[in-house]
Amino acid sequence: MVRARAPSFIIPITTLRIGNGNGDVKGLRLPLLSNKSWQFQLQLELQQRNKEKKKRQNVTISYTNSSSGGDSASAALELEVNEIRESCKMWKWKGQYSINYLVSSTPNSHPDSPPLLLVHGFGASIPHWRRNIGTLAKSYTVYAIDLLGFGASDKPAGYSYTMEAWAQLILDFLDEVVQKPTVLIGNSVGSLACVIAASESSQTLVRGLVLLNCAGGMNNKAIVDDWRIKLLLPLLWFIDFLLNQRPIASAIFERVKQRETLRNILLSIYANKESVDETLVEIIREPANEEGALDAFVSIVTGPPGPNPVQLMPSISIPVLVLWGDEDPFTPLDGPVGKYFSSLPSKLSNVKLIVLEGVGHCPHDDRPELVHEKLLPWLAETFNF
């Protein structure tokens with residue numbers, strides 16, 4: 001008898017994994033704690049913080065075709081990270097928070113096509129879309145944003161991060177900066193922020209929605225009718241308690257952002273291991289060294305999970321494309337969130353689901369050429385240009 005694989009419940013950019021992937025709620029793995037026993041023998045090896053940001057290399061403007069072949073329209077044109085960073089601008093949200101964003105287009109961008117807004121997932125930032133921006137900008141005006149607390153955007157001290165705040169940030173950005181009905185494209189918690197934004201807006205702001213392995217909540221405390229999560233809630237609350245102890249949280253965060261730790265985490269969530277290169281590790285690591293990054297990490301992991309997509313999707317009538325990597329350990333297809341999205345096309349005529357085989361939690365970076373192959377025709381067909 002084949003048992004359904006249980007989801008691995010993972011605090012984003014993993015401080016905790018529960019579940020061995022075989023249907024059993026066991027196999028507790030705490031890579032940041034002692035591996036010898038479940039006694040939280042925390043290794044308080046606080047490293048001295050590097051107060052100087054690593055000097056940036058000279059800006060190089062280049063595109064690399066990372067596609068292994070096939071239609072040139074779906075090829076992944078990779079931008080240099082420094083080119084992206086040097087092209088970014090700042091926008092003041094609510095008159096006090098600096099939000100980093102990018103806008104990219106080409107002379108071939110169709111003037112009547114809707115702009116696209118790319119919204120990253122937990123721990124990521126605009127450069128996580130480096131394999132997508134160049135390809136999408138051939139036909140569209142592409143915006144990308146660093147959510148508050150991530151990337152080069154502000155990380156205000158004492159700020160309580162919520163999914164609702166990120167959704168409002170997206171809506172205000174559309175209203176004040178983009179100023180046109182926009183297709184939102186999000187990954188993981190970025191997808192969920194887009195869902196919340198779409199559920200609260202009219203088509204004057206959000207024209208379409210593309211979800212790449214949508215998260216069920218801001219953290220592991222999202223309850224989506226799963227007895228396994230309910231059973232483990234006391235443990236998750238205990239983890240929250242530990243993270244609210246500043247010395248412990250600092251020690252854990254220092255361990256999380258080490259290059260080797262980040263590389264191992266990324267390798268566990270990417271199906272295409274070749275996509276996990278040093279550039280990707282630095283994209284995640286560099287913002288984590290900035291002031292306020294620890295506070296953001298603790299607030300997000302210990303905060304309320306926010307609305308879940310099961311409650312929100314029925315209220316959304318705009319076109320929705322769901323792309324789902326079938327080797328995602330965060331939100332697997334046979335988990336509660338994956339099963340829900342798999343059922344949507346039969347219930348909602350505006351939703352289309354495409355399962356991407358051999359793809360992990362970050363499809364746009366894991367297999368960009370496959371994402372473009374599915375995304376570009378859907379955009380062209382849906383918005384008639």
# chains A, B, ... in the order shown; residues from 1 in each chain; ligands from 1
>>> residues_around(residues="A:Ser275", least_positions_apart="2", cutoff="12 Å", atoms="only C-alpha atoms", output="PyMOL selection string")
chain A and resi 66-67+78+128+130-131+263+266-273+277-281+359-360+362-368
>>> closest_residue(among="A:Ser202, A:Ser188, A:Ser160, A:Ser349", to="A:Gly303", atoms="only C-alpha atoms")
A:Ser160
>>> atom_distance(atom1="atom CA of A:Pro319", atom2="atom CA of A:Asn350")
4.9 Å
>>> closest_residue(among="A:Asp295, A:Gly325, A:Ser199, A:Gln311", to="A:Arg246", atoms="only C-alpha atoms")
A:Asp295
>>> closest_residue(among="A:Val81, A:Met90, A:Ala215, A:Val210", to="A:Ile126", atoms="only C-alpha atoms")
A:Val81
>>> closest_residue(among="A:Glu80, A:Glu286, A:Glu176, A:Asp240", to="A:Ile300", atoms="only C-alpha atoms")
A:Asp240
>>> closest_residue(among="A:Ile283, A:Ala124, A:Ile185, A:Val298", to="A:Gln245", atoms="only C-alpha atoms")
A:Val298
>>> closest_residue(among="A:Val301, A:Ile265, A:Leu171, A:Leu209", to="A:Ile316", atoms="only C-alpha atoms")
A:Leu209
>>> select_by_dssp(residues="stretch 133-319 of chain A", states="strand (DSSP E or B)", output="list of chain:residue names")
A:Val142, A:Tyr143, A:Ala144, A:Ile145, A:Thr182, A:Val183, A:Leu184, A:Ile185, A:Gly186, A:Asn187, A:Val206, A:Arg207, A:Gly208, A:Leu209, A:Val210, A:Leu211, A:Leu212
>>> write_last_selection(atoms="N, CA and C atoms", output="PDB file, in the first residue's frame")
ATOM      1  N   VAL A 142       8.137  45.255 -16.646  1.00  0.00           N
ATOM      2  CA  VAL A 142       8.269  44.403 -15.473  1.00  0.00           C
ATOM      3  C   VAL A 142       8.707  45.227 -14.258  1.00  0.00           C
ATOM      4  N   TYR A 143       7.946  45.112 -13.200  1.00  0.00           N
ATOM      5  CA  TYR A 143       8.317  45.688 -11.909  1.00  0.00           C
ATOM      6  C   TYR A 143       8.657  44.543 -10.961  1.00  0.00           C
ATOM      7  N   ALA A 144       9.574  44.798 -10.066  1.00  0.00           N
ATOM      8  CA  ALA A 144       9.877  43.845  -8.994  1.00  0.00           C
ATOM      9  C   ALA A 144      10.099  44.649  -7.732  1.00  0.00           C
ATOM     10  N   ILE A 145       9.748  44.073  -6.605  1.00  0.00           N
ATOM     11  CA  ILE A 145       9.768  44.825  -5.345  1.00  0.00           C
ATOM     12  C   ILE A 145      10.410  43.997  -4.242  1.00  0.00           C
ATOM     13  N   THR A 182      -2.456  45.622 -13.116  1.00  0.00           N
ATOM     14  CA  THR A 182      -1.209  44.852 -13.149  1.00  0.00           C
ATOM     15  C   THR A 182      -1.458  43.371 -12.896  1.00  0.00           C
ATOM     16  N   VAL A 183      -0.628  42.540 -13.516  1.00  0.00           N
ATOM     17  CA  VAL A 183      -0.628  41.104 -13.212  1.00  0.00           C
ATOM     18  C   VAL A 183       0.404  40.867 -12.112  1.00  0.00           C
ATOM     19  N   LEU A 184      -0.035  40.314 -10.994  1.00  0.00           N
ATOM     20  CA  LEU A 184       0.855  40.018  -9.871  1.00  0.00           C
ATOM     21  C   LEU A 184       1.414  38.617 -10.030  1.00  0.00           C
ATOM     22  N   ILE A 185       2.725  38.477  -9.880  1.00  0.00           N
ATOM     23  CA  ILE A 185       3.389  37.176  -9.962  1.00  0.00           C
ATOM     24  C   ILE A 185       4.186  36.975  -8.680  1.00  0.00           C
ATOM     25  N   GLY A 186       3.797  36.013  -7.861  1.00  0.00           N
ATOM     26  CA  GLY A 186       4.449  35.825  -6.568  1.00  0.00           C
ATOM     27  C   GLY A 186       4.904  34.401  -6.345  1.00  0.00           C
ATOM     28  N   ASN A 187       5.882  34.259  -5.468  1.00  0.00           N
ATOM     29  CA  ASN A 187       6.391  32.947  -5.075  1.00  0.00           C
ATOM     30  C   ASN A 187       6.259  32.781  -3.569  1.00  0.00           C
ATOM     31  N   VAL A 206      -5.486  45.208  -9.830  1.00  0.00           N
ATOM     32  CA  VAL A 206      -4.969  43.871 -10.103  1.00  0.00           C
ATOM     33  C   VAL A 206      -5.778  43.246 -11.234  1.00  0.00           C
ATOM     34  N   ARG A 207      -5.083  42.933 -12.328  1.00  0.00           N
ATOM     35  CA  ARG A 207      -5.757  42.402 -13.524  1.00  0.00           C
ATOM     36  C   ARG A 207      -5.631  40.891 -13.636  1.00  0.00           C
ATOM     37  N   GLY A 208      -4.609  40.343 -13.056  1.00  0.00           N
ATOM     38  CA  GLY A 208      -4.406  38.907 -13.107  1.00  0.00           C
ATOM     39  C   GLY A 208      -3.467  38.461 -12.008  1.00  0.00           C
ATOM     40  N   LEU A 209      -3.388  37.137 -11.817  1.00  0.00           N
ATOM     41  CA  LEU A 209      -2.627  36.595 -10.693  1.00  0.00           C
ATOM     42  C   LEU A 209      -1.892  35.341 -11.147  1.00  0.00           C
ATOM     43  N   VAL A 210      -0.596  35.282 -10.854  1.00  0.00           N
ATOM     44  CA  VAL A 210       0.202  34.093 -11.141  1.00  0.00           C
ATOM     45  C   VAL A 210       0.843  33.649  -9.826  1.00  0.00           C
ATOM     46  N   LEU A 211       0.551  32.433  -9.411  1.00  0.00           N
ATOM     47  CA  LEU A 211       1.008  31.926  -8.121  1.00  0.00           C
ATOM     48  C   LEU A 211       2.008  30.798  -8.339  1.00  0.00           C
ATOM     49  N   LEU A 212       3.197  30.951  -7.805  1.00  0.00           N
ATOM     50  CA  LEU A 212       4.245  29.943  -7.905  1.00  0.00           C
ATOM     51  C   LEU A 212       4.413  29.282  -6.535  1.00  0.00           C
TER      52      LEU A 212
END
>>> residues_around(residues="A:Leu243", least_positions_apart="2", cutoff="10 Å", atoms="only C-alpha atoms", output="ChimeraX atom specification")
/A:237-241,245-253,297-299,301-302
>>> write_last_selection(atoms="N, CA and C atoms", output="mmCIF file, in the first residue's frame")
data_model
loop_
_atom_site.group_PDB
_atom_site.id
_atom_site.type_symbol
_atom_site.label_atom_id
_atom_site.label_comp_id
_atom_site.auth_asym_id
_atom_site.auth_seq_id
_atom_site.Cartn_x
_atom_site.Cartn_y
_atom_site.Cartn_z
ATOM 1 N N TRP A 237 4.916 26.637 19.206
ATOM 2 C CA TRP A 237 4.856 27.728 20.183
ATOM 3 C C TRP A 237 6.128 27.763 21.040
ATOM 4 N N PHE A 238 6.670 26.570 21.351
ATOM 5 C CA PHE A 238 7.909 26.528 22.127
ATOM 6 C C PHE A 238 9.065 27.117 21.319
ATOM 7 N N ILE A 239 9.089 26.824 20.013
ATOM 8 C CA ILE A 239 10.111 27.424 19.146
ATOM 9 C C ILE A 239 9.961 28.950 19.158
ATOM 10 N N ASP A 240 8.717 29.418 19.114
ATOM 11 C CA ASP A 240 8.476 30.862 19.193
ATOM 12 C C ASP A 240 9.048 31.439 20.484
ATOM 13 N N PHE A 241 8.833 30.695 21.586
ATOM 14 C CA PHE A 241 9.357 31.153 22.875
ATOM 15 C C PHE A 241 10.878 31.284 22.825
ATOM 16 N N GLN A 245 13.780 34.897 22.863
ATOM 17 C CA GLN A 245 14.910 35.141 23.756
ATOM 18 C C GLN A 245 16.059 35.650 22.891
ATOM 19 N N ARG A 246 16.416 36.900 23.038
ATOM 20 C CA ARG A 246 17.329 37.543 22.105
ATOM 21 C C ARG A 246 18.652 36.780 21.888
ATOM 22 N N PRO A 247 19.346 36.339 22.939
ATOM 23 C CA PRO A 247 20.605 35.622 22.699
ATOM 24 C C PRO A 247 20.422 34.345 21.882
ATOM 25 N N ILE A 248 19.333 33.621 22.158
ATOM 26 C CA ILE A 248 19.078 32.385 21.422
ATOM 27 C C ILE A 248 18.740 32.700 19.969
ATOM 28 N N ALA A 249 17.866 33.688 19.770
ATOM 29 C CA ALA A 249 17.483 34.065 18.409
ATOM 30 C C ALA A 249 18.697 34.515 17.605
ATOM 31 N N SER A 250 19.577 35.283 18.237
ATOM 32 C CA SER A 250 20.771 35.770 17.551
ATOM 33 C C SER A 250 21.683 34.615 17.154
ATOM 34 N N ALA A 251 21.823 33.634 18.051
ATOM 35 C CA ALA A 251 22.666 32.477 17.756
ATOM 36 C C ALA A 251 22.096 31.669 16.603
ATOM 37 N N ILE A 252 20.792 31.461 16.622
ATOM 38 C CA ILE A 252 20.147 30.709 15.548
ATOM 39 C C ILE A 252 20.293 31.438 14.217
ATOM 40 N N PHE A 253 20.053 32.742 14.242
ATOM 41 C CA PHE A 253 20.118 33.510 13.002
ATOM 42 C C PHE A 253 21.533 33.530 12.429
ATOM 43 N N PHE A 297 13.351 38.541 10.915
ATOM 44 C CA PHE A 297 13.313 37.079 10.953
ATOM 45 C C PHE A 297 12.465 36.583 12.128
ATOM 46 N N VAL A 298 12.724 37.123 13.308
ATOM 47 C CA VAL A 298 11.999 36.684 14.505
ATOM 48 C C VAL A 298 10.521 37.044 14.405
ATOM 49 N N SER A 299 10.226 38.278 13.961
ATOM 50 C CA SER A 299 8.840 38.722 13.866
ATOM 51 C C SER A 299 8.042 37.871 12.890
ATOM 52 N N VAL A 301 8.741 34.695 11.784
ATOM 53 C CA VAL A 301 8.617 33.301 12.205
ATOM 54 C C VAL A 301 7.666 33.152 13.389
ATOM 55 N N THR A 302 7.656 34.129 14.296
ATOM 56 C CA THR A 302 6.845 34.015 15.511
ATOM 57 C C THR A 302 5.506 34.729 15.418
#
>>> residues_around(residues="A:Asn308", least_positions_apart="3", cutoff="10 Å", atoms="only C-alpha atoms", output="NGL selection string")
:A and (163 or 192-193 or 195-196 or 214-218 or 222-224 or 305 or 311-313 or 337)
>>> residues_around(residues="A:Glu164", least_positions_apart="3", cutoff="9 Å", atoms="only C-alpha atoms", output="PyMOL selection string")
chain A and resi 161+167-169+193+196-197+306-307
